[in-house]
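Everything below concerns the one structure shown next.
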Amino acid sequence: MLTIDTTRFGPLEVAEEAVLHFEEGLIGFPEMRQFAAVPHGDGAPFVWLQSVERADLAFLLLRPHVVCPGYAPPLPPDVPFDATLWAIVTVPAGRANDLTVNLLGPVAVWGNAARQLVLDGDRYSARHRAFPAAERQQPATAAAA
Amino acid sequence: MLVLTRRANQSIRIGDDVTITVVEVRGDQVRIGIEAPRSIPVHRLELLLQIGQQNAEAAATPARPDDVAAALSLLRPSAAVGEAPAG
């Protein structure tokens, strides 16, 4: 077991074989190469990607098809076809309604290897809104309380 | 920045194993061919910058637990649809 110092979770025990290795780091974070995947509660579609190297660096991930049905971009030739894709989520403080998902740069995971991809063309956005305007007007959210 | 003038079908070699070729010049567009080993990622710069910027923003705004809970309640309906067996 590996104990990681984290800001969000406190000391976190992770099996060494459960650590994901990003050979190229994350885009813009080339030195961040090891992350632990921490599920967010039971049955939630979220996973946290907690940096092993930097306590305060944790990304929230979501399976892209949850907000973009049919999401199945072509993968680079050196990524296995059955790699699992995740998308990095940005949640502005106090505005869960404005949550965006990075569909342009998904994180591909296969075994213990992981890589952030750069998809070609203009089909997918780096700031895909999870909740279109109509849904955002529904009152039954914690934000309304 | 090193600036070189090239015509269509002329190339530039970078290092030992990267070759850039001007394939076609038409109006304000240039088609460029790139030969490089697979180990060297080649991307359109603006896409790389967009993703890097989004990563930086996500890293700088750690999701608050109450916001994640709110997002979950908003997601539940669509997540359920996504998991329903087809047909």
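Residue names in the structure tokens use chain letters A, B, ... in the order shown, residue numbers from 1 in each chain, and ligand numbers from 1 in the order shown.
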Identify every residue of chain B that has at least one atom within 6 Å of any atom of chain A, counting only C-alpha atoms, and report the result as a PyMOL selection string.
chain B and resi 51-52+58+63+67+70-71+79
At a cut-off of 10 Å, using only C-alpha atoms, what residues contact Ala108 in chain A? Leave out same-chain residues fewer than 5 positions from it and give the result as a count of residues only.
15
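Here the DSSP assignment of strand (DSSP E), based on backbone atoms, applies within chain B to Ser11, Ile12, Arg13, Ile14, Val18, Thr19, Ile20, Thr21, Val22, Val23, Glu24, Val25, Arg26, Gln29, Val30, Arg31, Ile32, Gly33, Ile34 and Glu35 of chain B.
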Taking only range 14-87 of chain A into account, list the residues labelled helix (DSSP H, G or I) by DSSP (computed from the backbone), as a VMD selection string.
chain A and resid 16 to 18 64 to 66
Can you pull out every residue within 9 Å of Ser11 in chain B, counting only C-alpha atoms, but drop anything in the same chain fewer than 5 positions away, and send it as a PyMOL selection string?
chain B and resi 6+19-23+33
Residue neighbourhood Arg26 in chain B, 12 Å, only C-alpha atoms, exclusion window fewer than 5 positions, as a ChimeraX atom specification
/B:7-8,31-32
May I have the residues from that selection written out with N, CA, C and O atoms, as a compact mmCIF listing (two decimals), in the first residue's frame?
# COMPACT_ATOMS: atom_id res chain seq x y z
N ARG B 7 8.36 26.49 -50.57
CA ARG B 7 7.30 26.39 -51.57
C ARG B 7 6.63 25.03 -51.43
O ARG B 7 7.13 24.15 -50.72
N ALA B 8 5.53 24.85 -52.15
CA ALA B 8 4.87 23.55 -52.15
C ALA B 8 5.88 22.47 -52.52
O ALA B 8 6.73 22.68 -53.40
N ARG B 31 -1.46 23.43 -46.47
CA ARG B 31 -1.56 22.04 -46.02
C ARG B 31 -0.15 21.54 -45.75
O ARG B 31 0.74 21.71 -46.58
N ILE B 32 -0.01 20.96 -44.59
CA ILE B 32 1.32 20.58 -44.13
C ILE B 32 1.35 19.09 -43.84
O ILE B 32 0.44 18.55 -43.20
For Val19 in chain A: contacts at 7 Å, only C-alpha atoms, fewer than 4 positions along chain excluded, given as a PyMOL selection string:
chain A and resi 34-36+112
